[in-house]
Amino acid sequence: MDGIQVLDQGVGYGIVVGIGAFFALLMLAITWMQNRYTSYSTKQAEEFNTASRSVKPGLIAAGIVSSWTWSSTLLTSSTFAYSYGICGPMWYAAMGTSQILLFSLIAIQIKTSAPGAHTFPEIILARHGRIAHITYLFFGWATNLLVGACLVLGGAQVVGALSGVNVYGAIFLIPLVVAAYVIAGGLRSTFIADYAHTVILFIAIFVFCFSMYATSETTGSISTFYDLLRQAGEDRPIKGNHNGSYLTFKSDDGLIFAIDLLVAGFSNVWLDQAYWQRAIASRPETSVRAYLFGGMAWYGIPFSFGTAMGLGCAALTATSAFPTFPNPLTTAQNGAGLSAPASAVALLGRGGAGLMLLLLFMAVTSATSAELIAVSSLITFDVYKTYVKPTATSGQLVRISHYGIIIYAVILAAFCCILNAVDVNLTWVLTILGVIVGGAAIPVGLILLWPRMSTVATLVSPWVGLCLGMIAWLVTTHFRSGAITVVTSGDVTNAVAGNLVSCGSGAVLAFVLSLLFPGQTNTSDPEMRKRIHKINGVRPGDTGQDGSAGVSGEQQTASPTTPREAGPAVDPEKKPLDLPDSTPPEKTQDSEPPSDPAPDTLVPTGNAIVDFLEASHIEPMAPEDVRKATILAKGFNLVYWCVVIILVPFTLFGTQWEFTLAGFTGWCVVSFIWAWVSMIICVIWPLVESRGTMWAIAKGLMRDLGTAGRGKAEPASVA
């Protein structure tokens with residue numbers, strides 16, 4: 001990494017520790033205000049882990065963008081622009097967004113047939129029993145560990161390269177600092193932290209894009225940028241690109257990379273509890289909109305950033321301001337994701353390096369916070385409440401969540417240290433991720449989307465997919481590269497063979513085994529049946545024709561969609577103006593009642609809104625809402641795939657067109673406009689929809705300041 005460091009160690013440690021401490025204090029302040037001035041309390045397991053299922057679509061969309069904006073979103077999109085040319089950022093954005101948009105269909109099914117679930121393994125437990133539950137719990141943890149490694153390892157290596165901070169020290173500091181503010185505020189705090197991080201993210205992107213396209217002394221304009229790229233294609237042609245140019249979509253390796261990213265994206269989105277958690281936390285009537293808006297907003301980040309900074313690295317390599325001038329980046333430096341940091345240094349010097357470090361820290365910590373609370377939810381509800389103490393109180397569940405966050409942070413740091421010690425980098429982890437967990441990616445989606453998915457198929461397909469994928473990956477590496485090493489195994493062509501076999505065999509076996517061995521596991525355990533009913537949204541005593549409450553076959557999926565008499569309820573959108581004093585009574589751990597084996601823990605609080613959201617029965621979406629949401633999600637996905645995945649890129653690929661100055665100018669302008677649209681969705685929209693809550697909190701603060709804090713302020717609906 002020599003030649004990149006332009007900052008002192010103190011700057012690196014200051015950003016990692018200082019800003020992390022700032023966010024920890026911010027989360028403590030926000031949590032205090034939430035508990036005092038709104039109707040939700042982070043002392044309850046339901047609020048800590050699912051944000052009481054009431055977060056509005058703008059904040060959900062911002063959270064999706066922030067949690068999906070890994071360090072690899074910024075670094076790898078730039079790396080592939082530097083490696084494959086102008087096609088790299090669009091392939092990265094297109095394939096990543098497709099996973100978020102497809103997940104909108106999963107979000108509908110969660111709200112329809114499993115409205116009482118906290119985690120995706122809970123849904124599998126309800127439909128296919130304990131062995132299947134443990135199987136997907138393993139793949140969920142494996143996904144979280146690999147995703148966390150992409151985040152922490154990539155961020156730590158760049159921090160070390162830019163500032164000289166010890167990489168192992170950064171690896172431990174990043175997750176532990178994030179753990180501090182996640183423990184302080186729970187899932188809702190991660191949504192709010194996501195929002196703060198996203199604001200800083202867009203500010204940094206705009207600074208870099210304006211500098212590259214308009215204000216830099218080195219480039220100064222898009223036309224100069226274009227000329228530098230043409231010269232770069234002549235001086236350092238890209239193998240496999242048409243005429244070696246950076247300005248063409250005809251890139252064979254770029255297309256292989258896109259396929260690899262598509263498979264890896266399926267794996268890490270569909271098996272990452274962080275994405276399921278956001279669907280669970282969203283309002284039923286707006287969850288689909290949140291995912292569609294979030295997906296299209298996220299598209300603008302790698303598209304705009306990778307175009308400016310990845311291609312900018314290629315253009316600026318021959319200038320004296322480039323940190324490794326007169327040499328280009330080495331293969332190791334490029335693999336570690338240093339193309340964007342090198343561009344930042346060439347554009348803005350030490351200030352650019354500092355801004356890049358801040359930008360990456362925001363991206364890493366925001367996504368890591370989502371991973372931390374996702375893993376803690378798996379530990380809390382799928383291990384402790386399922387196998388250790390089914391009658392745990394809400395306070396005990398929150399405490400286990402805290403323990404889970406710390407355990408995952410330490411294990412993640414140790415795992416990243418091992419990877420760094422054997423010279424594994426961010427690009428390698430992202431490239432092979434689908435090989436490890438791809439076999440379970442399609443089956444986990446089919447469990448919700450296809451009623452005929454059998455228990456045998458659920459159990460067998462992911463393990464066979466894993467074994468076949470590993471064999472294909474290693475055999476391809478051996479025969480293509482002559483030896484199996486870290487470098488050869490991370491080759492994109494070798495990895496794509498394993499990714500395709502792992503994901504493809506898991507999908508094929510899921511269908512074949514379901515047809516050959518139909519049927520789903522049923523249980524006679526009354527406590528387990530009670531929990532299954534609540535996960536599936538079945539009212540106690542309301543069972544199917546076979547008495548199984550819709551636990552098997554098509555009946556299980558269809559039955560919860562029928563609305564039931566809900567009984568007395570409080571509208572969670574309205575303030576409880578006509579209710580008694582909402583100050584919760586003082587409770588001790590001994591007086592807190594135990595929860596039942598179901599995932600929702602009812603702890604009376606004295607606040608009608610909280611008790612309503614904590615109620616034993618959570619209604620599924622109404623059939624009409626399901627129909628409308630499904631039509632919207634399917635139609636949007638169909639248009640997106642036809643236009644963005646097939647029509648535009650393959651037309652440019654097949655014609656072998658090399659961008660003219662006018663075409664390149666239009667491309668850069670569109671990418672920059674898309675970034676602004678993304679900013680409006682992620683920054684402006686949440687402010688507009690949460691204005692009532694912010695005003696209520698402001699009034700409460702002013703009232704406390706004026707009355708020395710007499711009593712608890714009037715609760716407000718939470719954004």
# chains A, B, ... in the order shown; residues from 1 in each chain; ligands from 1
call {"tool": "closest_atom_pairs", "arguments": {"of": "stretch 264-332 of chain A", "to": "stretch 4-15 of chain A", "cutoff": "12 Å", "atoms": "only C-alpha atoms", "output": "tab-separated table"}}
result
residue	atom	partner	partner_atom	distance
A:Ala321	CA	A:Ile4	CA	11.6
A:Phe322	CA	A:Ile4	CA	9.2
A:Pro323	CA	A:Ile4	CA	5.7
A:Thr324	CA	A:Ile4	CA	7.0
A:Phe325	CA	A:Ile4	CA	10.5
A:Asn327	CA	A:Ile4	CA	11.9
A:Pro328	CA	A:Ile4	CA	11.6
A:Leu329	CA	A:Ile4	CA	9.6
A:Thr330	CA	A:Ile4	CA	11.3
call {"tool": "write_last_selection", "arguments": {"atoms": "N, CA and C atoms", "output": "mmCIF file, in the first residue's frame"}}
result
data_model
loop_
_atom_site.group_PDB
_atom_site.id
_atom_site.type_symbol
_atom_site.label_atom_id
_atom_site.label_comp_id
_atom_site.auth_asym_id
_atom_site.auth_seq_id
_atom_site.Cartn_x
_atom_site.Cartn_y
_atom_site.Cartn_z
ATOM 1 N N ALA A 321 -0.143 14.872 -9.868
ATOM 2 C CA ALA A 321 -0.829 14.888 -8.572
ATOM 3 C C ALA A 321 -1.197 13.494 -8.091
ATOM 4 N N PHE A 322 -1.124 12.500 -8.974
ATOM 5 C CA PHE A 322 -1.513 11.135 -8.597
ATOM 6 C C PHE A 322 -0.521 10.589 -7.566
ATOM 7 N N PRO A 323 -1.002 9.946 -6.489
ATOM 8 C CA PRO A 323 -0.109 9.576 -5.378
ATOM 9 C C PRO A 323 0.975 8.569 -5.734
ATOM 10 N N THR A 324 0.804 7.743 -6.768
ATOM 11 C CA THR A 324 1.842 6.777 -7.152
ATOM 12 C C THR A 324 2.547 7.178 -8.447
ATOM 13 N N PHE A 325 2.334 8.423 -8.903
ATOM 14 C CA PHE A 325 2.952 8.891 -10.149
ATOM 15 C C PHE A 325 4.464 8.656 -10.109
ATOM 16 N N ASN A 327 3.816 5.740 -11.668
ATOM 17 C CA ASN A 327 3.355 4.357 -11.789
ATOM 18 C C ASN A 327 1.849 4.275 -11.549
ATOM 19 N N PRO A 328 1.175 3.362 -12.241
ATOM 20 C CA PRO A 328 -0.243 3.120 -11.926
ATOM 21 C C PRO A 328 -0.359 2.321 -10.625
ATOM 22 N N LEU A 329 -1.587 2.131 -10.162
ATOM 23 C CA LEU A 329 -1.802 1.304 -8.978
ATOM 24 C C LEU A 329 -1.374 -0.129 -9.255
ATOM 25 N N THR A 330 -0.827 -0.782 -8.251
ATOM 26 C CA THR A 330 -0.492 -2.194 -8.386
ATOM 27 C C THR A 330 -1.765 -3.023 -8.303
#
call {"tool": "residues_around", "arguments": {"residues": "A:Tyr82", "least_positions_apart": "3", "cutoff": "8 Å", "atoms": "only C-alpha atoms", "output": "VMD selection string"}}
result
chain A and resid 78 to 79 85 88 310 to 311 313 to 314 339
call {"tool": "residues_around", "arguments": {"residues": "A:Ala179", "least_positions_apart": "5", "cutoff": "10 Å", "atoms": "only C-alpha atoms", "output": "ChimeraX atom specification"}}
result
/A:20,24,173-174,184,365,368-369,372-373,402,405-410
call {"tool": "write_last_selection", "arguments": {"atoms": "all heavy atoms", "output": "CSV table (one decimal), in the first residue's frame"}}
result
chain,number,residue,atom,x,y,z
A,20,GLY,N,-16.9,8.0,15.9
A,20,GLY,CA,-17.7,6.9,16.5
A,20,GLY,C,-18.2,7.3,17.9
A,20,GLY,O,-19.4,7.0,18.2
A,24,ALA,N,-22.1,7.6,19.2
A,24,ALA,CA,-22.6,7.0,20.4
A,24,ALA,C,-23.3,7.9,21.3
A,24,ALA,O,-24.4,7.6,21.8
A,24,ALA,CB,-21.4,6.3,21.1
A,173,LEU,N,-11.4,-1.6,16.2
A,173,LEU,CA,-12.1,-0.4,16.6
A,173,LEU,C,-13.4,-0.2,15.9
A,173,LEU,O,-14.4,0.2,16.5
A,173,LEU,CB,-11.1,0.8,16.4
A,173,LEU,CG,-10.0,1.0,17.4
A,173,LEU,CD1,-9.1,2.1,16.9
A,173,LEU,CD2,-10.5,1.3,18.8
A,174,ILE,N,-13.4,-0.4,14.6
A,174,ILE,CA,-14.7,-0.1,13.8
A,174,ILE,C,-15.9,-0.8,14.4
A,174,ILE,O,-16.9,-0.2,14.7
A,174,ILE,CB,-14.4,-0.4,12.3
A,174,ILE,CG1,-13.4,0.6,11.8
A,174,ILE,CG2,-15.8,-0.3,11.6
A,174,ILE,CD1,-13.0,0.3,10.3
A,184,ALA,N,-27.0,1.5,22.5
A,184,ALA,CA,-27.6,2.6,23.1
A,184,ALA,C,-29.0,2.8,22.6
A,184,ALA,O,-29.9,3.3,23.3
A,184,ALA,CB,-26.8,3.9,22.9
A,365,THR,N,-19.6,2.1,9.0
A,365,THR,CA,-20.3,2.1,10.3
A,365,THR,C,-21.8,1.9,10.2
A,365,THR,O,-22.5,1.2,10.9
A,365,THR,CB,-20.0,3.3,11.2
A,365,THR,OG1,-20.3,4.5,10.4
A,365,THR,CG2,-18.5,3.3,11.5
A,368,THR,N,-22.5,-1.6,9.1
A,368,THR,CA,-22.1,-2.5,10.2
A,368,THR,C,-23.1,-2.5,11.3
A,368,THR,O,-23.4,-3.5,11.9
A,368,THR,CB,-20.7,-2.2,10.7
A,368,THR,OG1,-19.8,-2.2,9.6
A,368,THR,CG2,-20.3,-3.1,11.8
A,369,SER,N,-23.7,-1.3,11.6
A,369,SER,CA,-24.7,-1.2,12.6
A,369,SER,C,-25.9,-2.1,12.3
A,369,SER,O,-26.5,-2.7,13.2
A,369,SER,CB,-25.1,0.3,12.8
A,369,SER,OG,-25.9,0.7,11.7
A,372,LEU,N,-24.9,-5.7,13.0
A,372,LEU,CA,-24.8,-6.0,14.4
A,372,LEU,C,-26.2,-6.3,15.0
A,372,LEU,O,-26.3,-7.3,15.7
A,372,LEU,CB,-24.2,-4.8,15.1
A,372,LEU,CG,-22.6,-4.6,15.0
A,372,LEU,CD1,-22.2,-3.2,15.6
A,372,LEU,CD2,-21.9,-5.7,15.6
A,373,ILE,N,-27.1,-5.4,14.7
A,373,ILE,CA,-28.4,-5.7,15.3
A,373,ILE,C,-29.2,-6.8,14.7
A,373,ILE,O,-30.0,-7.5,15.3
A,373,ILE,CB,-29.3,-4.4,15.3
A,373,ILE,CG1,-30.4,-4.5,16.4
A,373,ILE,CG2,-29.9,-4.1,14.0
A,373,ILE,CD1,-30.9,-3.2,16.8
A,402,HIS,N,-28.1,-7.2,23.6
A,402,HIS,CA,-26.9,-6.5,23.8
A,402,HIS,C,-25.7,-7.4,23.8
A,402,HIS,O,-24.6,-7.1,23.2
A,402,HIS,CB,-27.0,-5.7,25.2
A,402,HIS,CG,-28.0,-4.6,25.2
A,402,HIS,ND1,-28.4,-4.0,26.3
A,402,HIS,CD2,-28.6,-4.0,24.2
A,402,HIS,CE1,-29.2,-3.0,26.0
A,402,HIS,NE2,-29.4,-3.0,24.7
A,405,ILE,N,-24.8,-8.4,20.3
A,405,ILE,CA,-24.1,-7.3,19.5
A,405,ILE,C,-22.6,-7.4,19.9
A,405,ILE,O,-21.7,-7.3,19.0
A,405,ILE,CB,-24.7,-6.0,19.9
A,405,ILE,CG1,-26.0,-5.8,19.2
A,405,ILE,CG2,-23.7,-4.8,19.4
A,405,ILE,CD1,-26.8,-4.6,19.7
A,406,ILE,N,-22.3,-7.5,21.1
A,406,ILE,CA,-20.8,-7.6,21.5
A,406,ILE,C,-20.2,-8.8,21.0
A,406,ILE,O,-19.0,-8.8,20.5
A,406,ILE,CB,-20.7,-7.5,23.1
A,406,ILE,CG1,-21.3,-6.1,23.6
A,406,ILE,CG2,-19.3,-7.7,23.5
A,406,ILE,CD1,-21.4,-6.1,25.1
A,407,ILE,N,-20.8,-10.0,21.1
A,407,ILE,CA,-20.3,-11.2,20.6
A,407,ILE,C,-20.0,-11.1,19.1
A,407,ILE,O,-18.9,-11.5,18.7
A,407,ILE,CB,-21.2,-12.4,20.9
A,407,ILE,CG1,-21.3,-12.7,22.4
A,407,ILE,CG2,-20.8,-13.7,20.2
A,407,ILE,CD1,-22.4,-13.6,22.8
A,408,TYR,N,-20.9,-10.7,18.4
A,408,TYR,CA,-20.7,-10.6,16.9
A,408,TYR,C,-19.6,-9.6,16.6
A,408,TYR,O,-18.8,-9.8,15.7
A,408,TYR,CB,-22.0,-10.1,16.2
A,408,TYR,CG,-21.8,-9.9,14.7
A,408,TYR,CD1,-21.5,-10.9,13.9
A,408,TYR,CD2,-22.0,-8.6,14.2
A,408,TYR,CE1,-21.3,-10.7,12.5
A,408,TYR,CE2,-21.9,-8.4,12.8
A,408,TYR,CZ,-21.5,-9.4,12.0
A,408,TYR,OH,-21.4,-9.2,10.7
A,409,ALA,N,-19.5,-8.5,17.3
A,409,ALA,CA,-18.5,-7.5,17.0
A,409,ALA,C,-17.1,-8.1,17.2
A,409,ALA,O,-16.2,-7.9,16.4
A,409,ALA,CB,-18.6,-6.3,17.9
A,410,VAL,N,-16.9,-8.9,18.3
A,410,VAL,CA,-15.6,-9.5,18.6
A,410,VAL,C,-15.3,-10.6,17.6
A,410,VAL,O,-14.1,-10.6,17.1
A,410,VAL,CB,-15.6,-10.0,20.0
A,410,VAL,CG1,-14.3,-10.8,20.3
A,410,VAL,CG2,-15.7,-8.9,21.0
call {"tool": "closest_atom_pairs", "arguments": {"of": "stretch 82-191 of chain A", "to": "stretch 251-262 of chain A", "cutoff": "8 Å", "atoms": "only C-alpha atoms", "output": "Markdown table"}}
result
| residue | atom | partner | partner_atom | distance |
| --- | --- | --- | --- | --- |
| A:Tyr84 | CA | A:Gly254 | CA | 5.5 |
| A:Gly85 | CA | A:Ser251 | CA | 7.9 |
| A:Cys87 | CA | A:Gly254 | CA | 6.9 |
| A:Gly88 | CA | A:Gly254 | CA | 6.4 |
| A:Trp91 | CA | A:Ala258 | CA | 5.6 |
| A:Tyr92 | CA | A:Ala258 | CA | 6.8 |
| A:Met95 | CA | A:Leu262 | CA | 5.2 |
| A:Gly96 | CA | A:Leu262 | CA | 7.0 |
| A:Gln99 | CA | A:Leu262 | CA | 8.0 |
call {"tool": "closest_residue", "arguments": {"among": "A:Val269, A:Leu59, A:Leu705, A:Ala413", "to": "A:Leu176", "atoms": "only C-alpha atoms"}}
result
A:Ala413
call {"tool": "residues_around", "arguments": {"residues": "stretch 624-634 of chain A", "least_positions_apart": "6", "cutoff": "8 Å", "atoms": "only C-alpha atoms", "output": "VMD selection string"}}
result
chain A and resid 101 to 102 104 to 105 108 112 285 288 292
call {"tool": "write_last_selection", "arguments": {"atoms": "C-alpha atoms", "output": "PDB file, in the first residue's frame"}}
result
ATOM      1  CA  LEU A 101     -36.315  -4.471  -5.917  1.00  0.00           C
ATOM      2  CA  LEU A 102     -36.918  -8.234  -5.975  1.00  0.00           C
ATOM      3  CA  SER A 104     -40.014  -6.068  -2.310  1.00  0.00           C
ATOM      4  CA  LEU A 105     -41.878  -9.288  -3.186  1.00  0.00           C
ATOM      5  CA  ILE A 108     -45.168  -8.371   0.758  1.00  0.00           C
ATOM      6  CA  THR A 112     -49.075 -11.227   4.364  1.00  0.00           C
ATOM      7  CA  GLU A 285     -49.066  -0.531   3.654  1.00  0.00           C
ATOM      8  CA  VAL A 288     -43.168  -2.150  -0.906  1.00  0.00           C
ATOM      9  CA  LEU A 292     -38.775   0.304  -4.565  1.00  0.00           C
TER      10      LEU A 292
END
call {"tool": "select_by_dssp", "arguments": {"residues": "stretch 176-419 of chain A", "states": "helix (DSSP H, G or I)", "output": "ChimeraX atom specification"}}
result
/A:176-215,222-235,242-244,252-270,273-281,287-316,331-335,339-388,394-419
call {"tool": "closest_residue", "arguments": {"among": "A:Phe511, A:Phe303, A:Phe22, A:Tyr275", "to": "A:Ser66", "atoms": "only C-alpha atoms"}}
result
A:Tyr275
call {"tool": "closest_residue", "arguments": {"among": "A:Leu347, A:Ala414, A:Val16, A:Ile110", "to": "A:Ala214", "atoms": "only C-alpha atoms"}}
result
A:Leu347
call {"tool": "closest_residue", "arguments": {"among": "A:Phe517, A:Trp676, A:Trp270, A:Trp68", "to": "A:Gly140", "atoms": "only C-alpha atoms"}}
result
A:Trp270
call {"tool": "closest_atom_pairs", "arguments": {"of": "stretch 193-248 of chain A", "to": "stretch 655-669 of chain A", "cutoff": "10 Å", "atoms": "only C-alpha atoms", "output": "tab-separated table"}}
result
residue	atom	partner	partner_atom	distance
A:Cys209	CA	A:Cys668	CA	9.4
A:Tyr213	CA	A:Cys668	CA	8.4
A:Ser221	CA	A:Thr665	CA	9.7
A:Ile222	CA	A:Thr665	CA	6.3
A:Ser223	CA	A:Leu661	CA	6.7
A:Thr224	CA	A:Leu661	CA	9.8
A:Phe225	CA	A:Phe664	CA	9.6
A:Tyr226	CA	A:Leu661	CA	6.6
A:Asp227	CA	A:Leu661	CA	8.6
A:Arg230	CA	A:Phe659	CA	9.9
A:Asn241	CA	A:Gln656	CA	9.2
A:His242	CA	A:Gln656	CA	6.7
A:Asn243	CA	A:Glu658	CA	9.0
A:Ser245	CA	A:Glu658	CA	7.6
A:Tyr246	CA	A:Glu658	CA	8.6
A:Leu247	CA	A:Phe659	CA	5.4
A:Thr248	CA	A:Glu658	CA	4.6
call {"tool": "write_last_selection", "arguments": {"atoms": "C-alpha atoms", "output": "compact mmCIF listing (two decimals), in the first residue's frame"}}
result
# COMPACT_ATOMS: atom_id res chain seq x y z
CA CYS A 209 -18.29 14.85 -8.48
CA TYR A 213 -16.44 17.49 -13.55
CA SER A 221 -14.34 19.81 -17.22
CA ILE A 222 -15.96 16.71 -18.63
CA SER A 223 -14.23 17.28 -21.97
CA THR A 224 -10.78 17.22 -20.31
CA PHE A 225 -11.85 14.15 -18.34
CA TYR A 226 -12.84 12.51 -21.63
CA ASP A 227 -9.51 13.32 -23.30
CA ARG A 230 -8.94 8.27 -24.24
CA ASN A 241 -12.28 -4.40 -23.87
CA HIS A 242 -13.02 -3.32 -27.43
CA ASN A 243 -9.87 -1.49 -28.62
CA SER A 245 -10.85 1.47 -24.33
CA TYR A 246 -12.24 2.72 -21.01
CA LEU A 247 -15.16 4.23 -22.93
CA THR A 248 -16.92 1.08 -24.19
call {"tool": "atom_distance", "arguments": {"atom1": "atom CA of A:Val688", "atom2": "atom CA of A:Ile183"}}
result
27.7 Å
call {"tool": "closest_residue", "arguments": {"among": "A:Trp32, A:Trp70, A:Phe361, A:Phe381", "to": "A:Pro121", "atoms": "only C-alpha atoms"}}
result
A:Phe381
call {"tool": "atom_distance", "arguments": {"atom1": "atom CA of A:Ala367", "atom2": "atom CA of A:Asn425"}}
result
18.1 Å
call {"tool": "closest_residue", "arguments": {"among": "A:Ser481, A:Ser163, A:Ser524, A:Thr458", "to": "A:Ala510", "atoms": "only C-alpha atoms"}}
result
A:Thr458
call {"tool": "atom_distance", "arguments": {"atom1": "atom CA of A:Gly438", "atom2": "atom CA of A:Ala93"}}
result
19.9 Å
